[in-house]
Every structure is written in C-alpha cells, then in structure tokens.
Amino acid sequence: MLENETSISTQRIQWKCLESKMEGKRLHYGRFVVSPFKRGQASTVGIAMRRASPQEVGGTSITGAKFHGVVHEYSTITGIQETIHDALVNPKEIVLKSDSNDILEAFSSITGPKEVTAGDISLPPRVKAIDNSQYIATITQPISSNIELKIEKDCGYRIENSNECRDGQFLIDAIFMPVRNVNYSIHLFGNGITTREISFIEIWTNGSPTPHEALSEASKKLIDLSNPFSRAKCRDISLLENEEDSSDSTTSPSLQLQFGNACKLEGKLFENTFIDQLELPARAFNCLKRAEIHTIADLLNYSREDLSKIRNFGQKSVDHVSKALWERFAKELPNKKLGLNQ
C-alpha cells in the first residue's frame with residue numbers, strides 16, 4: 001500500500017488531447033485531460049485557463065479601412081448595396097491568422113456586379129483568411145470598388161471613436177479574441193490520502209489558432225505573468241515605488257533621466273537596439289512603431305507622460321515599457337551602474 005501511495009504522489013502532471021474536430025470553418029473544438037492533481041490544484045488551473053484563454057491568447061483583426069471619395073461612415077456609394085457603415089461592420093467579423101506582430105496592409109479591388117467576400121482580399125504573405133466565404137458587401141453595378149485595409153495582431157478588444165474619419169479612412173472596432181469558450185470539469189480518483197484530481201478542459205476557437213495552440217499559448221502567458229513573482233527581491237520593491245512616485249509627479253522626466261548614469265555610460269549600446277528586443281505586448285509595440293519610436297535610444301527620449309499621450313497607449317502600456325527597460329538595463333549593465341544596490 002505504501003508503495004502505491006508513493007507512486008501516485010510522485011507522478012508528473014501530464015495532459016492529452018482526447019478529441020479535436022472542426023464544427024465549422026470558424027469553430028474548432030478540442031477536449032483535453034490533465035492529471036494527476038492534488039486536491040484543489042485542478043480548480044486553480046481550470047479557473048486560470050478559463051480566464052487566460054479568452055483574454056491572453058492573441059488574434060488578428062482588421063482595424064481600419066479606407067474608401068476613396070467617401071465623406072463619412074453613413075455615406076453611400078453608387079453601385080454598392082451597403083452603406084459605408086455596414087461595409088465597416090462586416091470586415092471586423094473576418095477571421096484572420098497571422099504570425100506577424102507588425103501593422104500590415106491589405107486591399108480589395110473588385111469589379112462588379114459581384115458579392116465581395118474575404119477571399120477577394122489581397123492579403124500579405126504572412127496573413128491568411130480562415131473562411132474565404134465571409135461576406136463583406138455586394139456590388140450591384142459594373143463598377144470598380146477599391147478598399148484599403150489595415151491589419152493588426154493584439155489581445156482582447158479595442159473600441160474606436162467612429163467620429164474620427166480623415167480622407168475616407170475609418171477606424172474599425174476590433175476583436176482580438178480567437179477563443180470562443182472554455183469549460184472545465186474536475187473528477188476524483190483514488191482513496192484517502194492518495195486521492196487525486198483529474199481535469200477535463202474543453203476549448204472552442206474561431207480556427208485561427210487550433211484549440212491545442214490556444215491551450216499552449218494561454219499556458220505560456222500564465223507562466224510569463226507569474227514569473228516576476230518568482231524573481232522578486234527587496235530591491236525590486238523600491239524600484240516599483242520609485243516608478244509610482246515618478247508617475248504621480250506633475251512633471252515627468254524623460255526615461256533617460258530616470259535611468260540615470262546607465263544611459264550616459266552605455267548610450268551608444270542602445271542606439272542600434274530595436275524595441276522588438278524588449279518583448280513588449282503586441283499593442284504597445286505597434287503603438288510605438290506608429291509613433292516612429294524604433295530603438296531603445298528613441299524610447300529613452302520620452303517621459304512617461306509623453307508615452308501616455310501616444311494614441312491607444314494607456315497607463316498599462318507605459319508600465320510595460322518601464323518594466324521592460326529596467327529588465328533590459330539590469331541584463332546589459334552591472335548593477336552598480338544602474339544604482340540598484342542603493
């Protein structure tokens with residue numbers, strides 16, 4: 001009996017895919033089993049996966065469109081059945097898959113009469129449409145319709161101001177959430193102190209990641225989110241306090257001044273270091289690129305207040321940048337140069 005108890009207690013947690021199927025081009029289903037857990041652990045993992053999968057798994061979406069000769073979103077174009085407003089609603093439903101974090105462009109140039117679908121969009125090489133039959137608009141007359149589209153990869157969702165239209169360019173509300181639903185259930189096996197838990201996890205996605213890929217990405221994001229706690233030291237707390245103090249002040253110095261002698265000593269080191277090496281979230285990275293901030297040297301000329309004024313760059317993104325810079329300097333330079341021992 002003792003030998004059996006020892007065997008169960010030392011078993012490693014493993015997972016297996018029990019079922020994987022396509023319920024539609026834009027609805028993929030996967031069922032996984034994970035075990036053995038100690039009592040209470042399966043619930044911890046299940047709740048974390050259910051929260052992280054929809055919010056942290058990234059997706060690709062159309063975030064902007066440009067129509068030539070259009071004044072506002074309620075305009076109509078002769079020969080097109082939909083208003084501009086309706087033609088903007090349909091593209092945001094198109095499911096795309098991309099392996100790039102860059103802001104990309106696509107276009108559609110169609111001559112009617114024709115029903116325009118996702119398959120009619122000329123996409124960049126690193127982007128593909130999951131369902132080419134997704135409807136966009138109908139051209140009812142023998143005219144040519146040209147639409148330019150902007151594509152981004154991010155997490156969560158983004159609500160844009162529909163009143164901001166310039167030269168026929170419209171921002172589109174984007175949903176970067178490829179995971180449709182997550183369920184989990186917990187079952188017990190064994191007796192007494194050898195009782196263990198087994199968890200079944202079900203995931204539905206829109207097909208841009210498979211359920212297997214979504215499960216893997218959500219797991220990695222959870223590990224990344226919790227990693228800072230495993231490396232936390234007393235000196236890190238003072239750094240965070242200093243950051244909070246600087247963000248609360250009425251005048252915010254440049255990041256270069258905040259990092260002190262590190263920039264003076266090794267300024268040239270970062271002149272050719274691009275911001276993609278900071279491994280920032282996709283949204284923060286894309287916002288910085290739009291603001292023509294390409295290197296760490298460029299970034300250090302901005303204060304926290306300056307960064308917060310960049311379009312779609314919120315306080316959370318500012319904190320991400322500040323944290324990434326501290327980690328980068330701590331890695332590249334000796335602690336004494338950063339003043340971390342003070």
# chains A, B, ... in the order shown; residues from 1 in each chain; ligands from 1
>>> residues_around(residues="segment 127-136 of chain A", least_positions_apart="6", cutoff="7 Å", atoms="only C-alpha atoms", output="PDB file with C-alpha atoms, in the first residue's frame")
ATOM      1  CA  LYS A  25     -14.555  26.671 -40.662  1.00  0.00           C
ATOM      2  CA  ARG A  26     -14.752  29.222 -37.864  1.00  0.00           C
ATOM      3  CA  ALA A  87     -19.396  47.817 -45.072  1.00  0.00           C
ATOM      4  CA  ASN A  90     -18.685  43.196 -41.933  1.00  0.00           C
ATOM      5  CA  PRO A  91     -14.838  43.260 -42.160  1.00  0.00           C
ATOM      6  CA  ILE A  94     -13.463  38.297 -40.779  1.00  0.00           C
ATOM      7  CA  VAL A  95     -11.255  35.706 -39.086  1.00  0.00           C
ATOM      8  CA  LEU A  96      -7.566  36.075 -39.945  1.00  0.00           C
ATOM      9  CA  LYS A  97      -4.435  34.206 -38.900  1.00  0.00           C
ATOM     10  CA  SER A  98      -1.049  35.936 -38.810  1.00  0.00           C
ATOM     11  CA  VAL A 116     -17.442  40.544 -52.221  1.00  0.00           C
ATOM     12  CA  THR A 117     -16.103  38.080 -49.653  1.00  0.00           C
ATOM     13  CA  ALA A 118     -12.958  37.572 -47.592  1.00  0.00           C
ATOM     14  CA  GLY A 119     -11.477  35.558 -50.441  1.00  0.00           C
ATOM     15  CA  GLY A 207      -9.925  28.430 -36.157  1.00  0.00           C
ATOM     16  CA  SER A 208      -7.116  30.998 -36.283  1.00  0.00           C
TER      17      SER A 208
END
>>> atom_distance(atom1="atom CA of Ser322 of chain A", atom2="atom CA of Ile293 of chain A")
14.6 Å
>>> select_by_dssp(residues="segment 29-213 of chain A", states="strand (DSSP E)", output="JSON, numbers by chain")
{"A": [29, 30, 31, 32, 33, 34, 35, 36, 37, 59, 60, 61, 62, 63, 64, 65, 66, 67, 96, 97, 98, 104, 105, 106, 107, 108, 109, 110, 111, 114, 115, 116, 117, 127, 128, 129, 135, 136, 137, 138, 139, 144, 145, 146, 147, 148, 149, 150, 151, 152, 153, 154, 156, 157, 158, 165, 166, 169, 170, 171, 174, 175, 176, 179, 180, 181, 182, 183, 184, 185, 186, 187, 188, 189, 196, 197, 198, 199, 200, 201, 202, 203, 204, 205]}
>>> select_by_dssp(residues="segment 33-274 of chain A", states="alpha helix (DSSP H)", output="PyMOL selection string")
chain A and resi 41-56+84-89+211-230+234-248+255-258+261-266
>>> atom_distance(atom1="atom CA of Asn191 of chain A", atom2="atom CA of Gln41 of chain A")
16.9 Å
>>> closest_residue(among="A:Gln169, A:Ser108, A:Thr140, A:Ser219", to="Asp120 of chain A", atoms="only C-alpha atoms")
A:Ser108
>>> residues_around(residues="segment 149-160 of chain A", least_positions_apart="3", cutoff="7 Å", atoms="only C-alpha atoms", output="MDAnalysis selection string")
chainID A and resid 55:66 101:107 171:177 282:283
>>> residues_around(residues="Glu73 of chain A", least_positions_apart="6", cutoff="12 Å", atoms="only C-alpha atoms", output="VMD selection string")
chain A and resid 65 to 67 82 to 89 161 to 172
>>> residues_around(residues="Asp276 of chain A", least_positions_apart="6", cutoff="10 Å", atoms="only C-alpha atoms", output="PyMOL selection string")
chain A and resi 101+282+285-286+289+294-296
>>> write_last_selection(atoms="N, CA, C and O atoms", output="PDB file, in the first residue's frame")
ATOM      1  N   ASN A 101       3.654  40.491 -35.763  1.00  0.00           N
ATOM      2  CA  ASN A 101       3.152  41.500 -34.836  1.00  0.00           C
ATOM      3  C   ASN A 101       3.148  42.900 -35.444  1.00  0.00           C
ATOM      4  O   ASN A 101       2.783  43.869 -34.785  1.00  0.00           O
ATOM      5  N   ALA A 282       2.004  43.087 -27.989  1.00  0.00           N
ATOM      6  CA  ALA A 282       1.814  43.498 -29.382  1.00  0.00           C
ATOM      7  C   ALA A 282       1.228  44.905 -29.492  1.00  0.00           C
ATOM      8  O   ALA A 282       1.649  45.701 -30.335  1.00  0.00           O
ATOM      9  N   PHE A 285       3.884  47.558 -28.627  1.00  0.00           N
ATOM     10  CA  PHE A 285       4.888  47.545 -29.693  1.00  0.00           C
ATOM     11  C   PHE A 285       4.382  48.282 -30.929  1.00  0.00           C
ATOM     12  O   PHE A 285       5.079  49.124 -31.509  1.00  0.00           O
ATOM     13  N   ASN A 286       3.140  47.983 -31.336  1.00  0.00           N
ATOM     14  CA  ASN A 286       2.578  48.608 -32.536  1.00  0.00           C
ATOM     15  C   ASN A 286       2.383  50.108 -32.358  1.00  0.00           C
ATOM     16  O   ASN A 286       2.610  50.890 -33.280  1.00  0.00           O
ATOM     17  N   LYS A 289       5.740  51.850 -32.736  1.00  0.00           N
ATOM     18  CA  LYS A 289       6.179  51.914 -34.126  1.00  0.00           C
ATOM     19  C   LYS A 289       5.423  52.986 -34.894  1.00  0.00           C
ATOM     20  O   LYS A 289       5.998  53.692 -35.719  1.00  0.00           O
ATOM     21  N   HIS A 294      11.660  53.530 -32.824  1.00  0.00           N
ATOM     22  CA  HIS A 294      12.167  52.262 -33.356  1.00  0.00           C
ATOM     23  C   HIS A 294      13.256  51.632 -32.493  1.00  0.00           C
ATOM     24  O   HIS A 294      13.403  50.416 -32.487  1.00  0.00           O
ATOM     25  N   THR A 295      14.016  52.446 -31.785  1.00  0.00           N
ATOM     26  CA  THR A 295      15.109  51.906 -30.977  1.00  0.00           C
ATOM     27  C   THR A 295      14.925  52.280 -29.513  1.00  0.00           C
ATOM     28  O   THR A 295      14.120  53.161 -29.166  1.00  0.00           O
ATOM     29  N   ILE A 296      15.693  51.622 -28.661  1.00  0.00           N
ATOM     30  CA  ILE A 296      15.639  51.953 -27.231  1.00  0.00           C
ATOM     31  C   ILE A 296      16.135  53.376 -27.013  1.00  0.00           C
ATOM     32  O   ILE A 296      15.616  54.102 -26.153  1.00  0.00           O
TER      33      ILE A 296
END
>>> residues_around(residues="Ile143 of chain A", least_positions_apart="6", cutoff="9 Å", atoms="only C-alpha atoms", output="list in words")
Thr78, Gly79, Ile80, Ile110, Thr111, Gly112 and Pro113 of chain A
>>> closest_residue(among="A:Lys92, A:Arg290, A:Arg126, A:Arg304", to="Val318 of chain A", atoms="only C-alpha atoms")
A:Arg304
>>> atom_distance(atom1="atom CA of Ala48 of chain A", atom2="atom CA of Phe313 of chain A")
26.5 Å
>>> residues_around(residues="Thr195 of chain A", least_positions_apart="4", cutoff="9 Å", atoms="only C-alpha atoms", output="NGL selection string")
:A and (8 or 38-39 or 188-191)
>>> write_last_selection(atoms="N, CA, C and O atoms", output="short mmCIF file (atom, residue, chain, number, x, y, z; two decimals), in the first residue's frame")
data_model
loop_
_atom_site.label_atom_id
_atom_site.label_comp_id
_atom_site.auth_asym_id
_atom_site.auth_seq_id
_atom_site.Cartn_x
_atom_site.Cartn_y
_atom_site.Cartn_z
N ILE A 8 1.83 7.36 -6.69
CA ILE A 8 0.87 8.38 -7.08
C ILE A 8 1.38 9.78 -6.75
O ILE A 8 1.25 10.71 -7.54
N LYS A 38 -3.14 17.28 -7.08
CA LYS A 38 -3.52 17.17 -5.67
C LYS A 38 -4.85 17.90 -5.48
O LYS A 38 -5.24 18.70 -6.32
N ARG A 39 -5.49 17.65 -4.38
CA ARG A 39 -6.79 18.28 -4.12
C ARG A 39 -6.68 19.81 -4.18
O ARG A 39 -5.81 20.40 -3.54
N LEU A 188 -12.58 13.08 -9.22
CA LEU A 188 -11.67 12.49 -8.24
C LEU A 188 -11.39 11.03 -8.57
O LEU A 188 -12.24 10.33 -9.12
N PHE A 189 -10.18 10.59 -8.22
CA PHE A 189 -9.89 9.16 -8.29
C PHE A 189 -8.91 8.83 -7.16
O PHE A 189 -8.18 9.69 -6.69
N GLY A 190 -8.91 7.56 -6.73
CA GLY A 190 -8.08 7.15 -5.60
C GLY A 190 -8.86 7.27 -4.30
O GLY A 190 -10.00 7.77 -4.25
N ASN A 191 -8.25 6.83 -3.21
CA ASN A 191 -8.90 6.84 -1.89
C ASN A 191 -7.95 7.42 -0.85
O ASN A 191 -6.73 7.30 -0.97
#
>>> decode(residues="segment 187-223 of chain A", atoms="N, CA and C atoms", output="tab-separated table (two decimals), in the first residue's frame")
chain	number	residue	atom	x	y	z
A	187	HIS	N	-12.78	15.71	-11.64
A	187	HIS	CA	-13.24	14.40	-11.14
A	187	HIS	C	-12.17	13.83	-10.22
A	188	LEU	N	-12.58	13.08	-9.22
A	188	LEU	CA	-11.67	12.49	-8.24
A	188	LEU	C	-11.39	11.03	-8.57
A	189	PHE	N	-10.18	10.59	-8.22
A	189	PHE	CA	-9.89	9.16	-8.29
A	189	PHE	C	-8.91	8.83	-7.16
A	190	GLY	N	-8.91	7.56	-6.73
A	190	GLY	CA	-8.08	7.15	-5.60
A	190	GLY	C	-8.86	7.27	-4.30
A	191	ASN	N	-8.25	6.83	-3.21
A	191	ASN	CA	-8.90	6.84	-1.89
A	191	ASN	C	-7.95	7.42	-0.85
A	192	GLY	N	-8.56	8.01	0.18
A	192	GLY	CA	-7.79	8.51	1.31
A	192	GLY	C	-6.77	9.55	0.90
A	193	ILE	N	-5.56	9.39	1.44
A	193	ILE	CA	-4.53	10.39	1.16
A	193	ILE	C	-4.00	10.26	-0.27
A	194	THR	N	-4.33	9.20	-0.95
A	194	THR	CA	-3.90	9.04	-2.34
A	194	THR	C	-4.91	9.63	-3.32
A	195	THR	N	-5.97	10.26	-2.82
A	195	THR	CA	-6.98	10.85	-3.71
A	195	THR	C	-6.36	11.95	-4.57
A	196	ARG	N	-6.61	11.87	-5.84
A	196	ARG	CA	-6.10	12.86	-6.77
A	196	ARG	C	-7.25	13.38	-7.66
A	197	GLU	N	-6.99	14.49	-8.34
A	197	GLU	CA	-7.99	15.09	-9.22
A	197	GLU	C	-7.56	14.98	-10.67
A	198	ILE	N	-8.54	14.81	-11.53
A	198	ILE	CA	-8.32	14.80	-12.97
A	198	ILE	C	-9.22	15.87	-13.58
A	199	SER	N	-8.69	16.66	-14.49
A	199	SER	CA	-9.46	17.77	-15.06
A	199	SER	C	-9.64	17.57	-16.56
A	200	PHE	N	-10.85	17.83	-17.02
A	200	PHE	CA	-11.16	17.82	-18.45
A	200	PHE	C	-11.39	19.27	-18.89
A	201	ILE	N	-10.66	19.71	-19.90
A	201	ILE	CA	-10.76	21.09	-20.40
A	201	ILE	C	-11.27	21.06	-21.83
A	202	GLU	N	-12.31	21.86	-22.09
A	202	GLU	CA	-12.87	21.98	-23.44
A	202	GLU	C	-12.63	23.40	-23.95
A	203	ILE	N	-12.16	23.52	-25.18
A	203	ILE	CA	-11.87	24.83	-25.77
A	203	ILE	C	-12.47	24.91	-27.17
A	204	TRP	N	-13.15	26.03	-27.42
A	204	TRP	CA	-13.67	26.33	-28.76
A	204	TRP	C	-12.94	27.57	-29.28
A	205	THR	N	-12.42	27.52	-30.50
A	205	THR	CA	-11.76	28.68	-31.10
A	205	THR	C	-12.38	28.99	-32.46
A	206	ASN	N	-11.99	30.15	-33.01
A	206	ASN	CA	-12.51	30.53	-34.34
A	206	ASN	C	-11.68	29.94	-35.48
A	207	GLY	N	-10.71	29.09	-35.14
A	207	GLY	CA	-9.92	28.43	-36.16
A	207	GLY	C	-8.60	29.09	-36.45
A	208	SER	N	-8.41	30.35	-36.01
A	208	SER	CA	-7.12	31.00	-36.28
A	208	SER	C	-6.01	30.37	-35.45
A	209	PRO	N	-6.24	30.09	-34.14
A	209	PRO	CA	-5.42	29.08	-33.50
A	209	PRO	C	-6.29	27.83	-33.33
A	210	THR	N	-5.67	26.68	-33.37
A	210	THR	CA	-6.40	25.46	-33.03
A	210	THR	C	-6.59	25.44	-31.51
A	211	PRO	N	-7.51	24.66	-30.98
A	211	PRO	CA	-7.64	24.56	-29.52
A	211	PRO	C	-6.33	24.17	-28.85
A	212	HIS	N	-5.57	23.30	-29.49
A	212	HIS	CA	-4.26	22.89	-28.96
A	212	HIS	C	-3.32	24.09	-28.87
A	213	GLU	N	-3.26	24.91	-29.93
A	213	GLU	CA	-2.40	26.09	-29.94
A	213	GLU	C	-2.86	27.12	-28.91
A	214	ALA	N	-4.17	27.27	-28.76
A	214	ALA	CA	-4.71	28.22	-27.78
A	214	ALA	C	-4.36	27.80	-26.36
A	215	LEU	N	-4.46	26.49	-26.08
A	215	LEU	CA	-4.13	25.97	-24.76
A	215	LEU	C	-2.66	26.21	-24.45
A	216	SER	N	-1.81	25.98	-25.43
A	216	SER	CA	-0.37	26.17	-25.26
A	216	SER	C	-0.02	27.64	-25.03
A	217	GLU	N	-0.63	28.54	-25.83
A	217	GLU	CA	-0.33	29.97	-25.69
A	217	GLU	C	-0.83	30.52	-24.36
A	218	ALA	N	-2.03	30.10	-23.95
A	218	ALA	CA	-2.56	30.56	-22.67
A	218	ALA	C	-1.66	30.11	-21.51
A	219	SER	N	-1.14	28.88	-21.60
A	219	SER	CA	-0.24	28.36	-20.56
A	219	SER	C	1.03	29.20	-20.48
A	220	LYS	N	1.61	29.53	-21.65
A	220	LYS	CA	2.83	30.34	-21.68
A	220	LYS	C	2.58	31.73	-21.11
A	221	LYS	N	1.42	32.32	-21.44
A	221	LYS	CA	1.10	33.66	-20.93
A	221	LYS	C	0.95	33.63	-19.41
A	222	LEU	N	0.34	32.58	-18.87
A	222	LEU	CA	0.20	32.48	-17.42
A	222	LEU	C	1.56	32.37	-16.74
A	223	ILE	N	2.47	31.60	-17.36
A	223	ILE	CA	3.82	31.47	-16.81
A	223	ILE	C	4.53	32.82	-16.84
